[in-house]
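Text of the file data-v9.pdb, holding PDB, C-alpha atoms:
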MODEL        1
ATOM      1  CA  MET G 683      -3.100   5.765  39.329
ATOM      2  CA  SER G 684      -0.700   3.095  38.095
ATOM      3  CA  GLU G 685       2.002   3.914  35.606
ATOM      4  CA  THR G 686       0.222   1.824  33.004
ATOM      5  CA  ALA G 687      -3.075   3.626  33.563
ATOM      6  CA  GLU G 688      -1.352   6.975  33.207
ATOM      7  CA  LYS G 689       0.343   5.939  29.984
ATOM      8  CA  VAL G 690      -2.873   4.493  28.537
ATOM      9  CA  LYS G 691      -4.755   7.691  29.270
ATOM     10  CA  LYS G 692      -2.023   9.802  27.745
ATOM     11  CA  ILE G 693      -2.198   7.756  24.536
ATOM     12  CA  VAL G 694      -5.982   8.105  24.439
ATOM     13  CA  VAL G 695      -5.807  11.868  24.969
ATOM     14  CA  GLU G 696      -3.186  12.272  22.265
ATOM     15  CA  HIS G 697      -4.849   9.971  19.827
ATOM     16  CA  LEU G 698      -8.451  11.019  20.103
ATOM     17  CA  GLY G 699      -7.720  14.658  20.835
ATOM     18  CA  VAL G 700     -10.072  14.679  23.822
ATOM     19  CA  GLU G 701      -9.698  16.490  27.123
ATOM     20  CA  GLU G 702      -7.895  14.600  29.853
ATOM     21  CA  SER G 703     -10.795  15.041  32.263
ATOM     22  CA  LYS G 704     -13.050  13.059  29.924
ATOM     23  CA  VAL G 705     -10.733  10.056  29.885
ATOM     24  CA  THR G 706     -12.075   8.347  32.984
ATOM     25  CA  ASN G 707     -11.681   4.636  33.648
ATOM     26  CA  GLU G 708     -15.288   4.021  32.678
ATOM     27  CA  ALA G 709     -15.170   6.064  29.478
ATOM     28  CA  SER G 710     -16.099   4.093  26.383
ATOM     29  CA  PHE G 711     -13.906   4.892  23.397
ATOM     30  CA  ILE G 712     -16.799   4.944  20.973
ATOM     31  CA  ASP G 713     -19.775   6.098  23.099
ATOM     32  CA  ASP G 714     -18.045   8.650  25.324
ATOM     33  CA  LEU G 715     -14.881   9.694  23.534
ATOM     34  CA  GLY G 716     -16.158   9.893  19.969
ATOM     35  CA  ALA G 717     -13.874   7.245  18.493
ATOM     36  CA  ASP G 718     -14.815   5.511  15.253
ATOM     37  CA  SER G 719     -13.909   1.930  14.410
ATOM     38  CA  LEU G 720     -10.666   3.003  12.774
ATOM     39  CA  ASP G 721      -9.715   4.994  15.879
ATOM     40  CA  THR G 722     -10.132   1.904  18.020
ATOM     41  CA  VAL G 723      -7.867  -0.102  15.720
ATOM     42  CA  GLU G 724      -5.286   2.662  15.817
ATOM     43  CA  LEU G 725      -5.526   2.845  19.607
ATOM     44  CA  VAL G 726      -4.900  -0.873  19.913
ATOM     45  CA  MET G 727      -1.894  -0.524  17.614
ATOM     46  CA  ALA G 728      -0.631   2.406  19.694
ATOM     47  CA  PHE G 729      -0.992   0.354  22.894
ATOM     48  CA  GLU G 730       0.862  -2.549  21.305
ATOM     49  CA  GLU G 731       3.699  -0.277  20.335
ATOM     50  CA  ALA G 732       3.888   1.653  23.596
ATOM     51  CA  PHE G 733       3.773  -1.396  25.859
ATOM     52  CA  GLY G 734       5.464  -3.966  23.659
ATOM     53  CA  VAL G 735       2.499  -6.327  23.950
ATOM     54  CA  GLU G 736       0.467  -8.111  21.343
ATOM     55  CA  ILE G 737      -3.277  -7.674  21.446
ATOM     56  CA  PRO G 738      -4.975 -10.301  19.259
ATOM     57  CA  ASP G 739      -8.195  -9.371  17.467
ATOM     58  CA  ASP G 740     -10.512 -11.313  19.758
ATOM     59  CA  ALA G 741      -9.044  -9.531  22.779
ATOM     60  CA  ALA G 742      -9.062  -6.168  21.017
ATOM     61  CA  GLU G 743     -12.777  -6.503  20.344
ATOM     62  CA  LYS G 744     -13.442  -6.711  24.078
ATOM     63  CA  ILE G 745     -11.456  -3.578  24.867
ATOM     64  CA  THR G 746     -14.166  -0.947  24.715
ATOM     65  CA  THR G 747     -13.370   1.260  27.704
ATOM     66  CA  VAL G 748     -10.240   2.879  29.092
ATOM     67  CA  ASN G 749     -10.302   0.482  32.017
ATOM     68  CA  ASP G 750     -10.559  -2.543  29.683
ATOM     69  CA  ALA G 751      -7.324  -1.412  28.059
ATOM     70  CA  ILE G 752      -5.519  -0.819  31.343
ATOM     71  CA  LYS G 753      -6.597  -4.191  32.741
ATOM     72  CA  TYR G 754      -5.630  -6.096  29.615
ATOM     73  CA  ILE G 755      -2.213  -4.500  29.402
ATOM     74  CA  GLU G 756      -1.532  -4.968  33.109
ATOM     75  CA  ALA G 757      -2.476  -8.623  32.821
ATOM     76  CA  GLN G 758      -0.102  -9.037  29.883
ATOM     77  CA  GLN G 759       2.659  -7.316  31.789
ATOM     78  CA  GLY G 760       2.029  -9.600  34.753
ATOM     79  CA  GLU G 761       2.427 -12.593  32.436
ATOM     80  CA  ALA G 762       5.666 -11.184  31.106
ATOM     81  CA  ASP G 763       7.030 -10.645  34.618
ATOM     82  CA  LYS G 764       6.332 -14.259  35.532
ATOM     83  CA  ALA G 765       8.064 -15.549  32.426
TER      84      ALA G 765
ATOM     85  CA  MET K1246       2.210  21.689  -9.201
ATOM     86  CA  PHE K1247       2.828  18.026  -8.462
ATOM     87  CA  ARG K1248       6.075  18.499  -6.516
ATOM     88  CA  LEU K1249       7.055  15.719  -4.134
ATOM     89  CA  ASP K1250      10.000  17.299  -2.350
ATOM     90  CA  GLY K1251      10.710  15.704   1.011
ATOM     91  CA  LYS K1252       8.454  12.716   0.319
ATOM     92  CA  VAL K1253       9.595   9.095   0.559
ATOM     93  CA  ALA K1254       8.271   6.715  -2.082
ATOM     94  CA  LEU K1255       8.603   2.938  -2.363
ATOM     95  CA  ILE K1256       8.308   1.524  -5.871
ATOM     96  CA  THR K1257       8.097  -2.229  -6.317
ATOM     97  CA  GLY K1258       9.193  -3.846  -9.551
ATOM     98  CA  ALA K1259      11.535  -0.934 -10.233
ATOM     99  CA  THR K1260      13.628  -3.175 -12.467
ATOM    100  CA  GLY K1261      10.850  -3.283 -15.048
ATOM    101  CA  GLY K1262      10.080  -0.734 -17.749
ATOM    102  CA  ILE K1263       7.112   0.905 -16.043
ATOM    103  CA  GLY K1264       8.588   0.617 -12.536
ATOM    104  CA  ALA K1265      11.846   2.293 -13.541
ATOM    105  CA  ALA K1266       9.938   5.083 -15.302
ATOM    106  CA  VAL K1267       7.800   5.618 -12.190
ATOM    107  CA  ALA K1268      10.934   5.757 -10.022
ATOM    108  CA  ARG K1269      12.527   8.316 -12.368
ATOM    109  CA  ALA K1270       9.382  10.449 -12.467
ATOM    110  CA  LEU K1271       8.847  10.481  -8.692
ATOM    111  CA  HIS K1272      12.543  11.190  -8.193
ATOM    112  CA  GLY K1273      12.342  13.973 -10.751
ATOM    113  CA  ALA K1274       9.451  15.493  -8.811
ATOM    114  CA  GLY K1275      11.703  15.663  -5.747
ATOM    115  CA  ALA K1276      10.907  12.471  -3.837
ATOM    116  CA  THR K1277      13.374  10.119  -2.206
ATOM    117  CA  VAL K1278      12.773   6.813  -3.951
ATOM    118  CA  ALA K1279      13.179   3.351  -2.490
ATOM    119  CA  ILE K1280      13.504   0.974  -5.394
ATOM    120  CA  THR K1281      12.901  -2.714  -5.060
ATOM    121  CA  GLY K1282      12.901  -5.721  -7.306
ATOM    122  CA  ARG K1283      14.518  -9.113  -7.563
ATOM    123  CA  ARG K1284      17.458  -8.145  -9.771
ATOM    124  CA  ALA K1285      19.949  -6.315  -7.559
ATOM    125  CA  ALA K1286      22.325  -5.404 -10.412
ATOM    126  CA  GLU K1287      19.574  -3.565 -12.285
ATOM    127  CA  LEU K1288      18.511  -1.742  -9.135
ATOM    128  CA  ASP K1289      22.107  -0.640  -8.605
ATOM    129  CA  ALA K1290      22.273   0.640 -12.183
ATOM    130  CA  LEU K1291      19.067   2.640 -11.735
ATOM    131  CA  ALA K1292      20.326   3.994  -8.400
ATOM    132  CA  ALA K1293      23.574   5.101 -10.043
ATOM    133  CA  GLU K1294      21.603   6.871 -12.744
ATOM    134  CA  LEU K1295      19.378   8.684 -10.242
ATOM    135  CA  GLY K1296      22.207   9.731  -7.932
ATOM    136  CA  GLU K1297      21.066  11.084  -4.576
ATOM    137  CA  ARG K1298      17.809  10.395  -2.730
ATOM    138  CA  VAL K1299      17.757   6.675  -3.544
ATOM    139  CA  ILE K1300      17.370   3.639  -1.306
ATOM    140  CA  VAL K1301      18.111   0.280  -2.909
ATOM    141  CA  ALA K1302      16.198  -2.592  -1.348
ATOM    142  CA  PRO K1303      16.184  -5.864  -3.301
ATOM    143  CA  ALA K1304      13.336  -8.196  -2.334
ATOM    144  CA  ASP K1305      11.372 -11.147  -3.654
ATOM    145  CA  LEU K1306       7.711 -10.378  -3.071
ATOM    146  CA  ALA K1307       6.758 -14.023  -3.482
ATOM    147  CA  ASP K1308       8.164 -14.448   0.029
ATOM    148  CA  PRO K1309       5.281 -13.781   2.486
ATOM    149  CA  ALA K1310       7.623 -12.084   4.964
ATOM    150  CA  ALA K1311       9.223  -9.801   2.372
ATOM    151  CA  PRO K1312       6.663  -6.954   2.267
ATOM    152  CA  ALA K1313       6.754  -6.150   5.986
ATOM    153  CA  ALA K1314      10.545  -6.448   6.075
ATOM    154  CA  LEU K1315      10.830  -4.212   3.033
ATOM    155  CA  VAL K1316       8.692  -1.430   4.503
ATOM    156  CA  GLU K1317      10.602  -1.676   7.771
ATOM    157  CA  LYS K1318      13.965  -1.401   6.032
ATOM    158  CA  VAL K1319      12.903   1.581   3.939
ATOM    159  CA  GLU K1320      11.369   3.389   6.902
ATOM    160  CA  LYS K1321      14.505   2.811   8.941
ATOM    161  CA  GLU K1322      16.649   4.342   6.224
ATOM    162  CA  GLY K1323      14.356   7.024   4.883
ATOM    163  CA  GLY K1324      11.633   7.659   7.453
ATOM    164  CA  ALA K1325       7.944   6.814   7.276
ATOM    165  CA  LEU K1326       6.654   6.191   3.780
ATOM    166  CA  ASP K1327       4.595   8.873   2.085
ATOM    167  CA  ILE K1328       3.996   7.048  -1.171
ATOM    168  CA  LEU K1329       3.688   3.345  -2.007
ATOM    169  CA  VAL K1330       3.584   2.312  -5.640
ATOM    170  CA  ASN K1331       2.550  -1.305  -6.072
ATOM    171  CA  ASN K1332       3.952  -1.916  -9.502
ATOM    172  CA  ALA K1333       5.564  -5.353  -9.315
ATOM    173  CA  GLY K1334       3.730  -8.025 -11.205
ATOM    174  CA  PHE K1335       4.224 -10.807 -13.665
ATOM    175  CA  THR K1336       2.190 -12.921 -16.018
ATOM    176  CA  ARG K1337       1.933 -16.638 -16.541
ATOM    177  CA  ASP K1338      -0.456 -16.803 -19.458
ATOM    178  CA  MET K1339      -2.317 -19.880 -20.568
ATOM    179  CA  LEU K1340      -5.853 -20.893 -21.265
ATOM    180  CA  ALA K1341      -7.748 -21.761 -18.120
ATOM    181  CA  LEU K1342      -8.161 -25.383 -19.232
ATOM    182  CA  ARG K1343      -4.405 -25.776 -19.009
ATOM    183  CA  MET K1344      -3.807 -23.492 -16.035
ATOM    184  CA  GLY K1345      -2.603 -25.404 -12.991
ATOM    185  CA  ASP K1346      -3.222 -24.328  -9.426
ATOM    186  CA  ALA K1347       0.413 -23.306  -9.114
ATOM    187  CA  ASP K1348       0.166 -21.033 -12.170
ATOM    188  CA  TRP K1349      -2.902 -19.384 -10.709
ATOM    189  CA  GLN K1350      -1.511 -19.027  -7.209
ATOM    190  CA  ALA K1351       1.929 -17.731  -8.160
ATOM    191  CA  VAL K1352       0.402 -14.805 -10.057
ATOM    192  CA  LEU K1353      -2.129 -14.045  -7.323
ATOM    193  CA  ASP K1354       0.609 -14.140  -4.672
ATOM    194  CA  VAL K1355       2.859 -11.564  -6.282
ATOM    195  CA  ASP K1356       0.329  -9.437  -8.159
ATOM    196  CA  LEU K1357      -2.360  -9.165  -5.487
ATOM    197  CA  THR K1358      -1.361 -10.563  -2.100
ATOM    198  CA  ALA K1359       2.018  -8.817  -1.937
ATOM    199  CA  PRO K1360       0.434  -5.407  -2.693
ATOM    200  CA  PHE K1361      -2.050  -6.030   0.113
ATOM    201  CA  ARG K1362       0.732  -6.882   2.537
ATOM    202  CA  LEU K1363       2.739  -3.848   1.471
ATOM    203  CA  ALA K1364      -0.267  -1.568   1.862
ATOM    204  CA  ARG K1365      -1.008  -2.994   5.295
ATOM    205  CA  SER K1366       2.545  -2.305   6.446
ATOM    206  CA  ALA K1367       2.784   1.122   4.828
ATOM    207  CA  LEU K1368      -0.568   2.278   6.209
ATOM    208  CA  ARG K1369       0.679   2.195   9.799
ATOM    209  CA  GLY K1370       3.045   5.104   9.261
ATOM    210  CA  MET K1371       0.717   6.910   6.875
ATOM    211  CA  MET K1372      -2.147   6.874   9.369
ATOM    212  CA  LYS K1373       0.119   8.332  12.021
ATOM    213  CA  LYS K1374       1.263  11.064   9.676
ATOM    214  CA  ARG K1375      -2.304  11.712   8.605
ATOM    215  CA  SER K1376      -1.194  11.639   4.997
ATOM    216  CA  GLY K1377      -0.166   9.099   2.429
ATOM    217  CA  ARG K1378      -0.604   7.869  -1.118
ATOM    218  CA  ILE K1379      -0.994   4.316  -2.300
ATOM    219  CA  VAL K1380      -1.045   3.810  -6.042
ATOM    220  CA  SER K1381      -1.312   0.334  -7.517
ATOM    221  CA  ILE K1382      -0.591  -0.453 -11.126
ATOM    222  CA  ALA K1383      -3.340  -2.716 -12.406
ATOM    223  CA  SER K1384      -4.125  -3.313 -16.067
ATOM    224  CA  ILE K1385      -6.877  -2.776 -18.571
ATOM    225  CA  VAL K1386      -7.347  -6.553 -18.602
ATOM    226  CA  GLY K1387      -8.443  -6.362 -14.958
ATOM    227  CA  VAL K1388     -11.542  -4.600 -16.245
ATOM    228  CA  THR K1389     -12.045  -6.099 -19.708
ATOM    229  CA  GLY K1390     -10.652  -9.585 -19.158
ATOM    230  CA  ASN K1391      -8.330 -11.253 -21.630
ATOM    231  CA  ALA K1392      -8.243 -14.794 -22.945
ATOM    232  CA  GLY K1393      -5.249 -16.613 -21.523
ATOM    233  CA  GLN K1394      -4.939 -14.341 -18.523
ATOM    234  CA  ALA K1395      -7.510 -15.574 -15.993
ATOM    235  CA  ASN K1396      -4.922 -15.401 -13.215
ATOM    236  CA  TYR K1397      -3.457 -12.031 -14.165
ATOM    237  CA  ALA K1398      -6.844 -10.420 -14.872
ATOM    238  CA  ALA K1399      -8.213 -11.715 -11.561
ATOM    239  CA  ALA K1400      -5.232 -10.288  -9.683
ATOM    240  CA  LYS K1401      -5.521  -6.923 -11.409
ATOM    241  CA  ALA K1402      -9.285  -6.748 -10.849
ATOM    242  CA  GLY K1403      -8.536  -7.678  -7.252
ATOM    243  CA  LEU K1404      -6.226  -4.678  -6.909
ATOM    244  CA  ILE K1405      -9.079  -2.417  -7.949
ATOM    245  CA  GLY K1406     -11.507  -3.886  -5.399
ATOM    246  CA  MET K1407      -8.852  -3.874  -2.698
ATOM    247  CA  SER K1408      -7.985  -0.253  -3.386
ATOM    248  CA  LYS K1409     -11.605   0.863  -3.207
ATOM    249  CA  SER K1410     -11.987  -0.851   0.163
ATOM    250  CA  LEU K1411      -8.758   0.547   1.588
ATOM    251  CA  ALA K1412      -9.678   3.978   0.265
ATOM    252  CA  GLN K1413     -12.873   3.913   2.310
ATOM    253  CA  GLU K1414     -11.085   2.686   5.416
ATOM    254  CA  VAL K1415      -8.431   5.394   5.510
ATOM    255  CA  ALA K1416     -10.041   8.369   3.786
ATOM    256  CA  THR K1417     -10.498  10.278   7.037
ATOM    257  CA  ARG K1418      -6.770  10.022   7.692
ATOM    258  CA  GLY K1419      -5.615  11.917   4.638
ATOM    259  CA  VAL K1420      -4.498   8.749   2.879
ATOM    260  CA  THR K1421      -5.675   8.132  -0.667
ATOM    261  CA  VAL K1422      -5.652   4.779  -2.434
ATOM    262  CA  ASN K1423      -5.924   4.675  -6.199
ATOM    263  CA  VAL K1424      -5.163   2.545  -9.215
ATOM    264  CA  VAL K1425      -3.561   3.265 -12.564
ATOM    265  CA  ALA K1426      -4.687   0.817 -15.228
ATOM    266  CA  PRO K1427      -2.345   0.851 -18.221
ATOM    267  CA  GLY K1428      -3.331  -0.388 -21.627
ATOM    268  CA  PHE K1429      -0.687  -1.768 -23.975
ATOM    269  CA  VAL K1430       2.656  -0.265 -23.102
ATOM    270  CA  LYS K1431       5.826  -0.740 -25.097
ATOM    271  CA  THR K1432       8.016  -2.970 -22.924
ATOM    272  CA  ALA K1433      10.152  -6.040 -23.405
ATOM    273  CA  MET K1434       6.947  -8.029 -22.993
ATOM    274  CA  THR K1435       5.128  -6.357 -25.884
ATOM    275  CA  ASP K1436       8.306  -6.173 -28.007
ATOM    276  CA  ALA K1437       8.169  -9.948 -28.121
ATOM    277  CA  LEU K1438       4.954  -9.803 -30.143
ATOM    278  CA  GLY K1439       5.223 -10.604 -33.844
ATOM    279  CA  GLU K1440       4.383  -8.160 -36.641
ATOM    280  CA  GLY K1441       0.853  -9.520 -37.165
ATOM    281  CA  PRO K1442      -0.319  -9.310 -33.559
ATOM    282  CA  ARG K1443       1.312  -5.896 -33.232
ATOM    283  CA  THR K1444      -0.610  -4.453 -36.200
ATOM    284  CA  ALA K1445      -3.855  -5.935 -34.924
ATOM    285  CA  LEU K1446      -3.185  -4.440 -31.517
ATOM    286  CA  LEU K1447      -2.481  -0.958 -32.839
ATOM    287  CA  ALA K1448      -5.732  -1.015 -34.800
ATOM    288  CA  ARG K1449      -7.577  -1.220 -31.483
ATOM    289  CA  ILE K1450      -5.868   1.858 -30.005
ATOM    290  CA  PRO K1451      -7.499   5.123 -31.133
ATOM    291  CA  THR K1452      -4.330   7.155 -30.535
ATOM    292  CA  GLY K1453      -2.552   4.801 -32.936
ATOM    293  CA  ARG K1454       0.446   4.097 -30.791
ATOM    294  CA  MET K1455       1.502   1.944 -27.883
ATOM    295  CA  GLY K1456       1.871   3.613 -24.528
ATOM    296  CA  THR K1457       5.254   4.468 -23.094
ATOM    297  CA  PRO K1458       6.331   3.791 -19.512
ATOM    298  CA  GLU K1459       6.455   7.580 -19.111
ATOM    299  CA  ASP K1460       2.736   7.825 -19.977
ATOM    300  CA  ILE K1461       2.026   5.614 -16.987
ATOM    301  CA  ALA K1462       4.552   7.298 -14.698
ATOM    302  CA  ALA K1463       2.930  10.693 -15.225
ATOM    303  CA  ALA K1464      -0.392   9.344 -13.986
ATOM    304  CA  VAL K1465       1.333   7.963 -10.889
ATOM    305  CA  VAL K1466       2.987  11.316 -10.149
ATOM    306  CA  TYR K1467      -0.390  13.002 -10.342
ATOM    307  CA  LEU K1468      -2.076  10.548  -7.960
ATOM    308  CA  ALA K1469       0.917  10.743  -5.597
ATOM    309  CA  SER K1470       0.779  14.527  -5.425
ATOM    310  CA  ALA K1471      -0.828  16.747  -2.821
ATOM    311  CA  GLU K1472      -3.010  18.149  -5.598
ATOM    312  CA  ALA K1473      -4.780  14.780  -5.989
ATOM    313  CA  GLY K1474      -5.887  14.768  -2.345
ATOM    314  CA  TRP K1475      -9.568  14.620  -3.263
ATOM    315  CA  VAL K1476      -9.152  11.682  -5.616
ATOM    316  CA  THR K1477      -9.471   8.328  -3.897
ATOM    317  CA  GLY K1478     -10.733   4.844  -4.703
ATOM    318  CA  GLN K1479     -10.409   5.628  -8.391
ATOM    319  CA  THR K1480      -8.974   3.776 -11.338
ATOM    320  CA  LEU K1481      -7.246   6.012 -13.841
ATOM    321  CA  HIS K1482      -7.192   4.305 -17.230
ATOM    322  CA  VAL K1483      -4.167   5.233 -19.299
ATOM    323  CA  ASN K1484      -4.614   3.310 -22.514
ATOM    324  CA  GLY K1485      -4.647   5.573 -25.549
ATOM    325  CA  GLY K1486      -8.419   5.307 -25.672
ATOM    326  CA  MET K1487      -8.451   1.548 -26.196
ATOM    327  CA  ALA K1488     -11.186   1.122 -23.598
ATOM    328  CA  MET K1489     -13.249   4.057 -22.435
ATOM    329  CA  ILE K1490     -14.676   3.140 -19.068
TER     330      ILE K1490
ENDMDL
END
Render the structure in this file as structure tokens.
Amino acid sequence: MSETAEKVKKIVVEHLGVEESKVTNEASFIDDLGADSLDTVELVMAFEEAFGVEIPDDAAEKITTVNDAIKYIEAQQGEADKA
Amino acid sequence: MFRLDGKVALITGATGGIGAAVARALHGAGATVAITGRRAAELDALAAELGERVIVAPADLADPAAPAALVEKVEKEGGALDILVNNAGFTRDMLALRMGDADWQAVLDVDLTAPFRLARSALRGMMKKRSGRIVSIASIVGVTGNAGQANYAAAKAGLIGMSKSLAQEVATRGVTVNVVAPGFVKTAMTDALGEGPRTALLARIPTGRMGTPEDIAAAVVYLASAEAGWVTGQTLHVNGGMAMI
């Protein structure tokens, strides 16, 4: 598991208070992990803070699973490395 | 009851009569108070009077970037905010027929938009802490309307609607959002009234007196307290009975 994936999962576990084993790549924040809409906003804010990236609203809307978050953040980090 | 020891409170418009009274009352209940306003000398005087547990942070809330910067500064110095009191506001009264766009917008910017921006910034830390209090000072005219105050009344009514919406958004996080709506309070603004208007005004207040800034501050302390944790999205009218809503 990449460092980013590990960090994302740790944030999800801490924030939603769910068991680590439930936080699979495919897990949907709302359907599988019991998040409400406010939780998802808070998660996005936590990701922004932890990774120093900005996640605009239209991108945030598309982040519905753990893997979506990992992929988006990794892509942003890739952009930053190129710059 | 109603102790605020260890809490950090930001009070906007602390240079005004009500704002200064709110700062004194929250400070008296044990909170660290961050006082802000445009007049730095008056903030310094209030800080000197209060002594310890004070953060002085002058700001002009008409500046769109000021609210976020203000919250950041206070949180850097005092830690995450527990209490935000949106008190700053001003009037630019005139009949609507004569009210220019600039007169409308200037009042909306400071009296409604700045409180929204402050709440948005303050909520970040409050949500993380799973506790917080936002209290906005509106006005009776936000509910009853008042000739000559279309801009001010709209802004104050807006605070009530905004607070109800925010209250619903953050209720599960232990954050409450409420409004205190003062009636006529004795301040420099009401002192400027002539004898005639003053007598007419008093006749409309069942308690027979104008409010004091302390009357308003006490309501803010209550809503800021742990004891008011089940009160959210409400407007507490403190007006001597002038309007019973």
>> To test your reading of the syntax: which residues would the PyMOL selection byres ((chain G and resi 732-746) around 10) return for the file shown? Reply as a PyMOL selection string.
In response: chain G and resi 686+689-690+693+708-713+722-723+725-731+747-756+758-759+762
> Could you state the separation of CA of Met1487 in chain K and CA of Arg1454 in chain K in Å, given to one decimal place?
Replying inline: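 CA of Met1487 in chain K sits 10.3 Å away from CA of Arg1454 in chain K.
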Using the file's own x, y and z axes, so that the box edges lie along x, y and z, what centre and edge lengths in Å (one decimal) does a box around every listed atom of range 693-698 of chain G get when 3 Å is added on each side? Give it as AutoDock Vina command-line options.
--center_x -5.3 --center_y 10.0 --center_z 22.4 --size_x 12.3 --size_y 10.5 --size_z 11.1
>> I'd like to know which of G:Met683, G:Ala757, G:Leu720, G:Val694 is closest to chain K, using only C-alpha atoms.
In response: G:Leu720
>> Take the PyMOL selection byres ((chain K and resi 1466-1477) around 9), run it mentally on this structure, and tell me the resulting residues as number ranges by chain.
In response: K: 1246-1249, 1267, 1270-1271, 1274, 1327-1330, 1377-1380, 1408-1409, 1412-1413, 1416, 1419-1425, 1461-1465, 1478-1480
> Could you write out as a VMD selection string the residues that the PyMOL selection byres ((chain K and resi 1362) around 12) matches in the shown file?
Replying inline: chain K and resid 1306 to 1316 1329 1331 1354 to 1361 1363 to 1369 1404 1407
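For the point (10.2, 15.9, -0.9), the residues with at least one atom inside 8 Å, counting all atoms listed in the file, are Arg1248, Leu1249, Asp1250, Gly1251, Lys1252, Val1253, Ala1274, Gly1275, Ala1276 and Thr1277 of chain K.
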>> Env of Leu698 in chain G: 8 Å cut, atoms = only C-alpha atoms, seq-sep filter 6 positions within chain, self excluded. Answer as a count of residues only.
In response: 4
>> Please report the interatomic distance between CA of Gly1264 in chain K and CA of Pro1303 in chain K in Å with one decimal.
In response: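 Spanning CA of Gly1264 in chain K to CA of Pro1303 in chain K is a straight-line distance of 13.6 Å.
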> When the cut-off is 10 Å and we count all atoms listed in the file, which residues of chain K are near chain G, given as a ChimeraX atom specification?
Replying inline: /K:1369,1372-1373,1414-1415,1417-1418
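Between CA of Val705 in chain G and CA of Asp763 in chain G the separation is 27.7 Å.
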>> Which residues are close to Asn1396 in chain K, i.e. within 12 Å by only C-alpha atoms, leaving aside same-chain residues fewer than 2 positions away? Reply as a PyMOL selection string.
In response: chain K and resi 1334-1341+1343-1357+1386-1387+1390-1394+1398-1403
>> For Leu1447 in chain K, find every residue with an atom within 12 Å (counting all atoms listed in the file), except residues of its own chain fewer than 4 positions away, and show them as a list in words.
In response: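 Residues meeting the cut-off are Gly1428, Phe1429, Val1430, Lys1431, Thr1435, Leu1438, Glu1440, Gly1441, Pro1442, Arg1443, Pro1451, Thr1452, Gly1453, Arg1454, Met1455, Gly1456, Asn1484, Gly1485, Gly1486 and Met1487 of chain K.
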> Hey, what's within 6 Å of range 1285-1287 of chain K if we count only C-alpha atoms and toss same-chain stuff fewer than 2 positions away? As number ranges by chain, please?
Replying inline: K: 1260, 1289-1290, 1303
